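K.L.:
So here's my_file32.txt, just compact mmCIF, C-alpha atoms:
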```
# COMPACT_ATOMS: atom_id res chain seq x y z
CA MET A 1210 22.07 23.14 -5.91
CA LYS A 1211 22.39 19.34 -5.54
CA TYR A 1212 20.78 16.83 -7.86
CA LYS A 1213 20.40 13.10 -7.58
CA ILE A 1214 19.52 11.38 -10.86
CA ILE A 1215 17.99 7.89 -10.75
CA PRO A 1216 17.04 5.72 -13.76
CA LEU A 1217 13.28 5.50 -14.28
CA ALA A 1218 13.28 1.72 -14.00
CA ALA A 1219 14.75 1.97 -10.51
CA LEU A 1220 12.03 4.33 -9.38
CA ALA A 1221 9.36 1.77 -10.15
CA LEU A 1222 10.97 -0.44 -7.52
CA SER A 1223 11.12 2.27 -4.90
CA THR A 1224 8.86 1.71 -1.89
CA PHE A 1225 9.00 5.41 -1.15
CA PHE A 1226 7.81 6.23 -4.61
CA SER A 1227 5.01 3.72 -4.74
CA ILE A 1228 3.38 4.81 -1.48
CA ASN A 1229 3.44 8.42 -2.61
CA ALA A 1230 2.32 7.78 -6.17
CA GLU A 1231 -0.71 5.60 -5.48
CA ARG A 1232 -3.84 7.16 -4.11
CA TYR A 1233 -6.50 5.31 -2.15
CA VAL A 1234 -10.16 6.23 -2.28
CA GLY A 1235 -13.17 4.53 -0.73
CA GLY A 1236 -15.09 4.63 2.50
CA ASP A 1237 -15.97 3.06 5.80
CA ILE A 1238 -18.53 0.35 4.99
CA SER A 1239 -18.67 -1.44 8.34
CA LEU A 1240 -22.48 -1.82 8.29
CA LEU A 1241 -22.85 -3.07 4.73
CA PRO A 1242 -23.95 -6.59 5.82
CA GLU A 1243 -26.73 -5.08 7.96
CA TYR A 1244 -28.19 -3.12 5.05
CA GLU A 1245 -27.88 -6.03 2.66
CA ASN A 1246 -29.62 -8.34 5.14
CA ALA A 1247 -32.36 -5.75 5.61
CA GLY A 1248 -33.00 -5.67 1.86
CA ALA A 1249 -31.45 -2.32 0.96
CA GLN A 1250 -31.72 -1.61 -2.77
CA TYR A 1251 -28.61 0.08 -4.16
CA LYS A 1252 -28.86 1.82 -7.52
CA THR A 1253 -26.60 3.75 -9.83
CA GLU A 1254 -27.00 7.51 -10.10
CA GLU A 1255 -29.09 6.85 -13.22
CA GLY A 1256 -31.39 4.45 -11.34
CA LYS A 1257 -30.12 1.08 -12.55
CA GLU A 1258 -30.18 -1.63 -9.87
CA ILE A 1259 -26.78 -2.70 -8.50
CA SER A 1260 -26.76 -6.44 -7.90
CA ASN A 1261 -23.44 -6.56 -6.02
CA LEU A 1262 -22.28 -3.31 -4.46
CA LEU A 1263 -18.58 -3.95 -3.85
CA PRO A 1264 -17.62 -4.94 -7.42
CA TRP A 1265 -19.64 -2.00 -8.71
CA LEU A 1266 -17.81 0.42 -6.41
CA HIS A 1267 -14.51 -1.02 -7.64
CA ASP A 1268 -15.57 -0.45 -11.24
CA GLU A 1269 -16.49 3.13 -10.34
CA GLY A 1270 -12.91 3.76 -9.23
CA MET A 1271 -12.76 2.97 -5.52
CA ASN A 1272 -9.78 0.87 -4.47
CA ALA A 1273 -9.83 0.81 -0.66
CA MET A 1274 -12.36 0.16 2.09
CA ARG A 1275 -12.28 0.73 5.84
CA VAL A 1276 -13.79 -1.54 8.52
CA ARG A 1277 -13.92 -0.93 12.27
CA ILE A 1278 -13.58 -3.54 15.00
CA PHE A 1279 -14.62 -3.41 18.66
CA VAL A 1280 -13.37 -5.77 21.37
CA ASN A 1281 -16.64 -7.15 22.80
CA PRO A 1282 -19.67 -5.03 21.79
CA SER A 1283 -21.94 -7.56 23.50
CA ASP A 1284 -20.31 -6.63 26.83
CA HIS A 1285 -21.29 -3.01 26.30
CA LYS A 1286 -24.85 -4.03 25.50
CA THR A 1287 -25.03 -6.06 28.74
CA THR A 1288 -23.31 -3.55 31.02
CA TYR A 1289 -24.72 -0.29 29.59
CA PRO A 1290 -27.98 -1.28 27.87
CA SER A 1291 -29.32 2.27 27.74
CA LYS A 1292 -26.14 3.49 26.00
CA TYR A 1293 -25.70 0.59 23.61
CA ASP A 1294 -25.64 1.53 19.91
CA PRO A 1295 -26.43 -1.38 17.55
CA ASN A 1296 -24.29 0.28 14.88
CA ALA A 1297 -21.25 -0.49 17.06
CA CYS A 1298 -21.62 -4.23 16.56
CA GLN A 1299 -18.45 -5.14 14.68
CA ASP A 1300 -16.59 -7.83 16.59
CA LEU A 1301 -14.07 -10.22 15.02
CA GLU A 1302 -16.65 -12.75 13.84
CA TYR A 1303 -18.72 -9.98 12.26
CA ILE A 1304 -15.89 -8.45 10.28
CA LYS A 1305 -14.15 -11.59 9.00
CA PRO A 1306 -16.57 -12.32 6.12
CA LEU A 1307 -16.90 -8.63 5.26
CA CYS A 1308 -13.13 -8.13 5.14
CA LYS A 1309 -12.76 -11.29 3.03
CA ARG A 1310 -15.24 -9.91 0.52
CA ILE A 1311 -13.37 -6.61 0.43
CA VAL A 1312 -9.98 -8.10 -0.35
CA ASP A 1313 -11.41 -10.72 -2.73
CA ASP A 1314 -13.05 -7.94 -4.72
CA GLY A 1315 -9.71 -6.22 -5.20
CA PHE A 1316 -9.75 -3.52 -2.53
CA SER A 1317 -7.03 -2.57 -0.08
CA LEU A 1318 -8.37 -3.01 3.44
CA MET A 1319 -7.96 -0.49 6.25
CA LEU A 1320 -8.62 -2.12 9.63
CA ASP A 1321 -9.68 0.33 12.34
CA PHE A 1322 -9.10 -0.95 15.91
CA HIS A 1323 -11.27 0.94 18.40
CA TYR A 1324 -9.77 -0.85 21.44
CA SER A 1325 -13.11 -0.45 23.17
CA ASP A 1326 -16.47 -2.24 23.32
CA THR A 1327 -18.16 0.83 21.81
CA TRP A 1328 -17.37 3.99 19.86
CA ALA A 1329 -13.94 5.45 20.61
CA ASP A 1330 -13.37 9.11 19.77
CA PRO A 1331 -11.75 12.16 21.42
CA ALA A 1332 -14.57 12.36 23.97
CA LYS A 1333 -14.65 8.67 24.88
CA GLN A 1334 -11.92 6.07 24.88
CA TRP A 1335 -13.40 3.57 27.33
CA THR A 1336 -11.41 0.52 28.31
CA PRO A 1337 -13.19 -2.72 27.29
CA GLU A 1338 -15.23 -4.29 30.06
CA ALA A 1339 -13.07 -7.42 30.08
CA TRP A 1340 -9.89 -5.34 30.43
CA LYS A 1341 -10.93 -2.71 32.98
CA GLY A 1342 -9.41 -4.48 35.99
CA LEU A 1343 -5.96 -4.72 34.40
CA SER A 1344 -2.96 -2.69 35.53
CA ASP A 1345 -1.09 -0.58 32.99
CA SER A 1346 1.57 -3.27 32.72
CA GLN A 1347 -1.09 -5.89 32.05
CA LEU A 1348 -2.75 -3.61 29.49
CA TYR A 1349 0.52 -3.35 27.56
CA ASP A 1350 0.50 -7.13 27.24
CA LYS A 1351 -3.21 -7.31 26.53
CA ILE A 1352 -3.22 -4.82 23.66
CA TYR A 1353 -0.31 -6.67 22.06
CA ASP A 1354 -1.96 -10.07 22.47
CA TYR A 1355 -5.39 -8.89 21.31
CA THR A 1356 -3.99 -7.12 18.24
CA LYS A 1357 -1.82 -10.10 17.34
CA GLU A 1358 -4.61 -12.65 17.82
CA THR A 1359 -7.03 -10.58 15.75
CA LEU A 1360 -4.61 -10.22 12.87
CA ILE A 1361 -3.72 -13.91 12.95
CA ALA A 1362 -7.42 -14.82 12.84
CA LEU A 1363 -7.93 -12.53 9.84
CA LYS A 1364 -4.92 -13.94 8.02
CA ASP A 1365 -6.20 -17.46 8.68
CA ALA A 1366 -9.45 -16.33 7.02
CA GLY A 1367 -7.53 -15.11 3.97
CA VAL A 1368 -7.44 -11.43 4.93
CA THR A 1369 -4.34 -9.25 5.22
CA PRO A 1370 -4.97 -5.53 5.84
CA ALA A 1371 -3.03 -3.04 3.75
CA PHE A 1372 -3.50 -0.36 6.43
CA ILE A 1373 -4.02 -0.69 10.17
CA GLN A 1374 -5.23 1.95 12.61
CA PRO A 1375 -4.13 1.13 16.19
CA GLY A 1376 -6.85 3.27 17.75
CA ASN A 1377 -9.65 5.49 16.46
CA GLU A 1378 -9.46 9.30 16.81
CA ILE A 1379 -6.84 9.00 19.54
CA SER A 1380 -6.07 12.73 19.79
CA TYR A 1381 -6.05 12.49 23.60
CA GLY A 1382 -4.93 8.91 24.15
CA MET A 1383 -6.85 5.67 24.55
CA LEU A 1384 -7.87 3.05 27.12
CA TRP A 1385 -8.62 5.81 29.61
CA GLY A 1386 -10.51 3.62 32.06
CA ALA A 1387 -14.03 2.27 32.61
CA GLU A 1388 -16.99 4.19 31.18
CA ASP A 1389 -18.46 4.67 34.67
CA ALA A 1390 -15.15 5.75 36.24
CA SER A 1391 -14.78 9.20 37.76
CA ALA A 1392 -13.55 11.89 35.37
CA SER A 1393 -10.52 12.60 37.55
CA SER A 1394 -9.32 9.02 37.27
CA LEU A 1395 -9.34 8.83 33.47
CA LYS A 1396 -5.89 8.51 31.93
CA LYS A 1397 -6.02 11.10 29.16
CA ALA A 1398 -2.97 12.37 27.29
CA LEU A 1399 -3.50 16.13 27.05
CA MET A 1400 -1.55 18.97 25.52
CA GLY A 1401 0.47 20.86 28.11
CA ASN A 1402 0.36 17.98 30.58
CA ASP A 1403 3.05 15.29 30.77
CA ALA A 1404 0.77 12.81 32.52
CA ASN A 1405 -0.11 9.65 30.59
CA TRP A 1406 1.90 10.33 27.42
CA ALA A 1407 4.52 7.70 28.27
CA ARG A 1408 1.72 5.23 29.05
CA PHE A 1409 -0.01 6.08 25.77
CA GLY A 1410 3.23 5.60 23.86
CA LYS A 1411 3.76 2.15 25.38
CA LEU A 1412 0.24 1.09 24.47
CA LEU A 1413 0.72 2.26 20.89
CA ASN A 1414 4.14 0.68 20.55
CA GLN A 1415 2.80 -2.65 21.79
CA ALA A 1416 -0.07 -2.52 19.31
CA VAL A 1417 2.25 -1.55 16.46
CA LYS A 1418 4.68 -4.31 17.42
CA ALA A 1419 1.94 -6.88 16.90
CA CYS A 1420 1.00 -5.30 13.56
CA ARG A 1421 4.59 -5.35 12.30
CA GLU A 1422 5.05 -8.97 13.35
CA ILE A 1423 1.88 -10.35 11.76
CA CYS A 1424 1.36 -7.94 8.85
CA PRO A 1425 4.81 -6.52 8.10
CA GLU A 1426 3.72 -4.99 4.79
CA ALA A 1427 0.79 -3.10 6.29
CA LYS A 1428 1.07 0.67 6.73
CA ILE A 1429 0.34 1.99 10.24
CA VAL A 1430 -2.08 4.91 10.46
CA LEU A 1431 -2.26 7.14 13.55
CA HIS A 1432 -5.71 8.70 13.50
CA THR A 1433 -6.53 12.10 15.02
CA GLU A 1434 -9.27 14.65 14.31
CA ARG A 1435 -8.19 18.05 15.66
CA VAL A 1436 -7.89 19.66 12.21
CA SER A 1437 -9.33 22.89 13.61
CA GLN A 1438 -6.58 22.97 16.28
CA VAL A 1439 -3.27 22.70 14.45
CA ASN A 1440 -1.34 23.21 17.68
CA VAL A 1441 -2.96 20.08 19.12
CA LEU A 1442 -2.15 18.12 15.94
CA LYS A 1443 1.48 19.24 16.03
CA ASN A 1444 1.77 18.41 19.70
CA PHE A 1445 0.34 14.93 19.10
CA TYR A 1446 2.67 13.97 16.26
CA ASP A 1447 5.65 15.62 17.98
CA GLN A 1448 4.88 13.43 20.99
CA MET A 1449 4.78 10.38 18.72
CA LYS A 1450 8.30 11.22 17.59
CA LYS A 1451 9.52 11.68 21.17
CA LEU A 1452 7.93 8.37 22.17
CA ASN A 1453 9.48 6.58 19.17
CA VAL A 1454 6.11 5.36 17.95
CA ASP A 1455 6.59 3.51 14.67
CA TYR A 1456 4.02 4.58 12.10
CA ASP A 1457 3.69 5.48 8.42
CA ILE A 1458 0.62 7.63 7.85
CA ILE A 1459 -1.07 10.59 9.51
CA GLY A 1460 -4.81 9.85 9.47
CA LEU A 1461 -7.34 12.66 9.92
CA SER A 1462 -11.07 13.06 10.38
CA TYR A 1463 -12.56 16.12 8.71
CA TYR A 1464 -16.24 17.02 9.00
CA PRO A 1465 -16.94 20.63 8.00
CA TYR A 1466 -20.05 20.81 10.19
CA PHE A 1467 -17.85 20.00 13.23
CA HIS A 1468 -14.42 21.35 12.26
CA GLY A 1469 -14.91 24.33 9.97
CA ASP A 1470 -14.68 25.27 6.31
CA MET A 1471 -12.17 24.09 3.74
CA ASN A 1472 -9.65 26.72 4.79
CA VAL A 1473 -9.38 24.95 8.15
CA LEU A 1474 -8.46 21.67 6.45
CA ASP A 1475 -6.11 23.48 4.05
CA THR A 1476 -4.22 25.04 6.97
CA ALA A 1477 -3.93 21.71 8.77
CA LEU A 1478 -2.65 19.87 5.68
CA SER A 1479 -0.16 22.61 4.87
CA SER A 1480 1.22 22.57 8.42
CA LEU A 1481 1.41 18.77 8.65
CA GLN A 1482 3.08 18.30 5.27
CA ALA A 1483 5.68 20.96 6.07
CA ARG A 1484 6.38 19.60 9.56
CA TYR A 1485 6.35 15.86 8.75
CA PRO A 1486 7.40 15.64 5.07
CA GLU A 1487 8.31 11.96 5.42
CA LYS A 1488 4.73 10.96 6.28
CA ASN A 1489 1.80 10.41 3.97
CA ILE A 1490 -1.53 11.89 5.04
CA MET A 1491 -4.98 10.37 4.63
CA ILE A 1492 -8.46 11.67 5.28
CA VAL A 1493 -9.81 8.50 6.87
CA GLU A 1494 -13.21 10.00 7.74
CA THR A 1495 -15.21 12.73 6.07
CA GLY A 1496 -18.75 13.42 4.91
CA TYR A 1497 -21.41 15.99 4.16
CA SER A 1498 -25.19 15.90 4.09
CA TYR A 1499 -27.35 15.54 1.00
CA LYS A 1500 -30.54 16.30 2.98
CA TRP A 1501 -31.02 18.22 6.23
CA GLU A 1502 -28.51 19.12 8.88
CA VAL A 1503 -26.35 16.41 10.45
CA PRO A 1504 -27.26 16.07 14.15
CA GLY A 1505 -24.81 17.93 16.38
CA THR A 1506 -23.79 20.37 13.64
CA THR A 1507 -21.82 23.31 15.04
CA ASN A 1508 -20.92 24.99 11.72
CA ASP A 1509 -23.66 25.71 9.19
CA PHE A 1510 -22.31 25.88 5.64
CA SER A 1511 -25.63 25.31 3.92
CA GLY A 1512 -25.26 28.71 2.28
CA LYS A 1513 -22.11 27.46 0.53
CA TRP A 1514 -22.88 23.75 0.27
CA ALA A 1515 -26.65 23.33 0.28
CA TYR A 1516 -28.24 20.33 2.00
CA SER A 1517 -28.94 18.62 -1.28
CA GLU A 1518 -27.25 16.16 -3.61
CA GLU A 1519 -25.85 19.12 -5.55
CA GLY A 1520 -24.55 20.72 -2.35
CA GLN A 1521 -22.95 17.48 -1.19
CA ASP A 1522 -21.28 17.15 -4.58
CA SER A 1523 -20.05 20.75 -4.41
CA PHE A 1524 -18.43 19.96 -1.05
CA ALA A 1525 -16.87 16.81 -2.53
CA LYS A 1526 -15.42 18.78 -5.44
CA ASP A 1527 -13.93 21.38 -3.11
CA LEU A 1528 -12.52 18.62 -0.92
CA VAL A 1529 -10.86 16.77 -3.81
CA ALA A 1530 -9.41 20.02 -5.15
CA THR A 1531 -7.95 20.83 -1.73
CA LEU A 1532 -6.43 17.38 -1.25
CA GLU A 1533 -4.87 17.38 -4.70
CA LYS A 1534 -2.80 20.42 -3.75
CA TYR A 1535 -0.71 18.25 -1.42
CA GLU A 1536 1.76 15.68 -2.68
CA ASN A 1537 1.76 13.80 0.63
CA VAL A 1538 -2.01 13.28 0.73
CA ASN A 1539 -2.78 9.87 -0.74
CA GLY A 1540 -6.03 8.70 0.86
CA LEU A 1541 -9.69 9.72 1.03
CA PHE A 1542 -12.34 7.67 2.86
CA TRP A 1543 -16.01 8.72 3.15
CA TRP A 1544 -17.63 7.90 6.49
CA TRP A 1545 -20.66 5.55 6.56
CA MET A 1546 -20.93 5.80 2.80
CA GLU A 1547 -23.04 2.60 2.53
CA TYR A 1548 -26.01 3.78 4.61
CA ASN A 1549 -29.18 3.16 2.58
CA ALA A 1550 -32.62 2.63 4.06
CA PHE A 1551 -34.37 2.33 0.69
CA GLY A 1552 -36.13 -1.01 0.45
CA THR A 1553 -35.77 -1.69 4.18
CA LYS A 1554 -37.81 -1.22 7.33
CA LEU A 1555 -34.85 0.28 9.16
CA GLY A 1556 -35.62 3.18 11.45
CA GLY A 1557 -33.58 6.31 11.96
CA TRP A 1558 -31.94 8.43 9.32
CA TYR A 1559 -28.35 9.24 8.46
CA ASN A 1560 -28.20 11.96 5.86
CA ALA A 1561 -24.55 12.11 4.78
CA PRO A 1562 -23.80 8.81 2.98
CA LEU A 1563 -23.23 8.38 -0.77
CA PHE A 1564 -26.63 6.79 -1.42
CA ASN A 1565 -30.02 8.48 -1.17
CA SER A 1566 -32.42 6.63 1.13
CA LEU A 1567 -35.40 8.06 -0.75
CA ASP A 1568 -34.67 6.09 -3.92
CA GLY A 1569 -31.48 4.08 -3.32
CA ARG A 1570 -29.51 5.94 -5.98
CA ALA A 1571 -25.84 6.85 -5.68
CA THR A 1572 -25.42 10.57 -5.13
CA PRO A 1573 -23.27 12.55 -7.60
CA ALA A 1574 -20.61 12.98 -4.91
CA LEU A 1575 -19.67 9.31 -5.26
CA LYS A 1576 -18.19 9.84 -8.71
CA THR A 1577 -16.52 13.04 -7.54
CA ILE A 1578 -14.85 11.24 -4.65
CA CYS A 1579 -13.67 8.52 -7.02
CA SER A 1580 -11.95 11.17 -9.14
CA PHE A 1581 -9.37 11.58 -6.36
CA GLY A 1582 -8.03 8.13 -7.23
CA GLU A 1583 -7.75 8.83 -10.95
CA ASP A 1584 -4.67 9.83 -12.87
CA SER A 1585 -2.32 9.65 -9.91
CA GLY A 1586 1.41 9.15 -10.02
CA VAL A 1587 3.41 8.24 -13.11
CA ASP A 1588 0.40 6.53 -14.69
CA ILE A 1589 -0.75 9.84 -16.16
CA ILE A 1590 2.60 10.75 -17.73
CA PRO A 1591 2.03 10.53 -21.49
CA SER A 1592 3.16 7.16 -22.84
CA CYS A 1593 4.14 8.65 -26.19
CA TYR A 1594 7.13 10.60 -24.94
CA SER A 1595 8.09 13.05 -27.69
CA GLY A 1596 11.58 13.87 -26.50
CA GLU A 1597 10.86 17.26 -24.94
CA ASP A 1598 12.28 17.90 -21.48
CA VAL A 1599 9.01 17.77 -19.50
CA TRP A 1600 9.13 17.06 -15.78
CA TYR A 1601 6.32 15.85 -13.50
CA ASP A 1602 5.78 15.63 -9.74
CA LEU A 1603 4.66 12.42 -7.99
CA ASN A 1604 1.02 13.23 -8.76
CA GLY A 1605 1.75 13.49 -12.46
CA ARG A 1606 1.46 17.29 -12.67
CA VAL A 1607 3.78 19.23 -14.97
CA ILE A 1608 6.41 21.17 -12.99
CA THR A 1609 6.91 24.70 -14.27
CA ASP A 1610 8.99 26.03 -11.36
CA GLN A 1611 12.35 24.28 -11.71
CA THR A 1612 13.68 25.79 -8.46
CA THR A 1613 11.22 23.92 -6.20
CA PRO A 1614 12.79 21.04 -4.18
CA GLY A 1615 11.29 17.58 -4.56
CA ILE A 1616 11.17 14.46 -6.68
CA ARG A 1617 10.74 14.99 -10.44
CA ILE A 1618 9.91 12.43 -13.06
CA SER A 1619 10.35 12.33 -16.82
CA ARG A 1620 10.50 9.62 -19.45
CA LYS A 1621 14.29 9.90 -19.35
CA ALA A 1622 15.05 9.94 -15.63
CA LYS A 1623 13.94 11.27 -12.31
CA ILE A 1624 15.62 13.84 -10.10
CA LEU A 1625 15.53 14.43 -6.37
CA LYS A 1626 16.42 18.11 -6.04
CA LYS A 1627 17.57 19.22 -2.58
```
Any chance you could put this one into structure tokens?

P.N.:
Amino acid sequence: MKYKIIPLAALALSTFFSINAERYVGGDISLLPEYENAGAQYKTEEGKEISNLLPWLHDEGMNAMRVRIFVNPSDHKTTYPSKYDPNACQDLEYIKPLCKRIVDDGFSLMLDFHYSDTWADPAKQWTPEAWKGLSDSQLYDKIYDYTKETLIALKDAGVTPAFIQPGNEISYGMLWGAEDASASSLKKALMGNDANWARFGKLLNQAVKACREICPEAKIVLHTERVSQVNVLKNFYDQMKKLNVDYDIIGLSYYPYFHGDMNVLDTALSSLQARYPEKNIMIVETGYSYKWEVPGTTNDFSGKWAYSEEGQDSFAKDLVATLEKYENVNGLFWWWMEYNAFGTKLGGWYNAPLFNSLDGRATPALKTICSFGEDSGVDIIPSCYSGEDVWYDLNGRVITDQTTPGIRISRKAKILKK
């Protein structure tokens, strides 16, 4: 057996160590300004009014927030008025003040480029209206220029993202073509079909190039959502390797009511960590209802996790426990966590945020989610080292099996066992 012993002081300087040791927990809060402007009243779980939500969330233990950006949502509203969703309103001018608040309040920012005028996901990756007449060669230049210009504008506003997603849920590619184009003409990158993968790789590499130039310290997240189809996940990230796409983090969406129970996520995480041990993994979207079924639900787990605050919290506890099994998993973001109609005249209902629209209170799941960010890395190794030969993994857990390969930490030294 081979051992590599490194002084503890050196490990603190290791980039590899720091990205693995620190966990990030928070949510996508892209509509927070809309709720605040509408008069939403946020309260603690106990019912105390929260005067300023972001600092309160930071005090609760959240340290990262995610914000989406669309190219020109107004173009989608003009061209497809019957399909326009006002929740997909985040253009550059919208997000700049929100992102500034996020970083000023001490959070790491994850910027989520949709590269579309509206929602981009595995079923729709529509080319922005202003870009739809461009050739592939012109699109390679456009995605680079747009990404670069956006990041420069944010930096000029005092905002530097810690994480950047070049594309949202891009399991089957992006910039397929116009929304009203024929299905046969769409440029999807599909498993078992070589068409469009090289094109997809060039688009991603151009976007990443801009990110590396303007925000060289930012970590690049490639976001997919096929957790229930591990073969599709493996194919995607294998293709990324073949296409030499430069990225740091595997980002996943996991919604039990769409994807399956916790065993499905467990299988996906186990497979990804084993196959790509050099990559961190983040759950960049997740959620579960605290009241009624989420529209479009295909898997009913209300018998296990009831549609109640208690059921939502039970799901959150199971989720955190599952994620903590994996050393490479270092991020957890709750989708649309800020939705809160209490105190507003807003119509509609979204029933899986972390605030209850009936009274504005935080649901118990919020504290549970925050627990994922606690006691991570070397911070939880006892400061009063007593001299015993105790070894810890990168998540601060005591290692009892000394034959397992990996990085080990003690107060004396750390060992990378191969």

K.L.:
So how many Å separate CA of Asn1508 in chain A and CA of Gln1521 in chain A, to one decimal?

P.N.:
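It comes out at 15.1 Å.
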
K.L.:
Given the choices A:Pro1306, A:Pro1295, A:Gly1315, A:Pro1290, which gets closest to Trp1265 in chain A if the distance is worked out from only C-alpha atoms?

P.N.:
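Checking each candidate against Trp1265 in chain A, we get A:Gly1315 as the closest.
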
K.L.:
Give me, please, the distance in Å between CA of Pro1504 in chain A and CA of Tyr1303 in chain A, quoted to one decimal.

P.N.:
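A separation of 27.5 Å between them.
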
K.L.:
Between CA of Lys1309 in chain A and CA of Pro1242 in chain A, what is the distance in Å, rounded to a tenth?

P.N.:
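So the two atoms, CA of Lys1309 in chain A and CA of Pro1242 in chain A, lie 12.5 Å apart.
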
K.L.:
Box along x, y and z, 4 Å on every side, all listed atoms of range 1476-1490 of chain A inside: centre and edge lengths in Å to one decimal, as lines of an AutoDock Vina configuration file.

P.N.:
```
center_x = 2.0
center_y = 17.7
center_z = 6.8
size_x = 20.5
size_y = 22.6
size_z = 13.6
```

K.L.:
Would you list the contacts of Gly1552 in chain A as JSON, numbers by chain, taking every protein, DNA or RNA residue within 8 Å and counting only C-alpha atoms, but skipping same-chain residues closer than 3 positions in sequence?

P.N.:
{"A": [1247, 1248, 1249, 1250, 1569]}

K.L.:
With 10 Å as the cut-off and only C-alpha atoms counted, what is the closest atom pair between each nearby residue of range 1522-1594 of chain A and range 1452-1460 of chain A? Distances in Å to one decimal, ordered by chain and number, as CSV.

P.N.:
```
residue,atom,partner,partner_atom,distance
A:Asn1537,CA,A:Ile1458,CA,9.6
A:Val1538,CA,A:Ile1459,CA,9.2
A:Asn1539,CA,A:Ile1458,CA,9.5
A:Gly1540,CA,A:Gly1460,CA,8.8
A:Leu1541,CA,A:Gly1460,CA,9.8
```

K.L.:
I need the residue nearest Glu1434 in chain A from this list: A:Asp1330, A:Asp1354, A:Glu1583, A:Asp1389. Use all atoms listed in the file for the distance.

P.N.:
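Result for the nearest residue to Glu1434 in chain A: A:Asp1330.
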
K.L.:
Give me, as a ChimeraX atom specification, all polymer residues having an atom no more than 10 Å from Ser1566 in chain A, counting only C-alpha atoms and skipping those fewer than 5 positions away in the same chain.

P.N.:
/A:1249-1251,1548-1553,1558-1560,1571

K.L.:
Which residue, A:Ser1511, A:Thr1572, A:Gln1334, A:Thr1359, has the smallest gap to Ile1423 in chain A when you use only C-alpha atoms?

P.N.:
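When distances to Ile1423 in chain A are compared using only C-alpha atoms, the smallest one comes from A:Thr1359.
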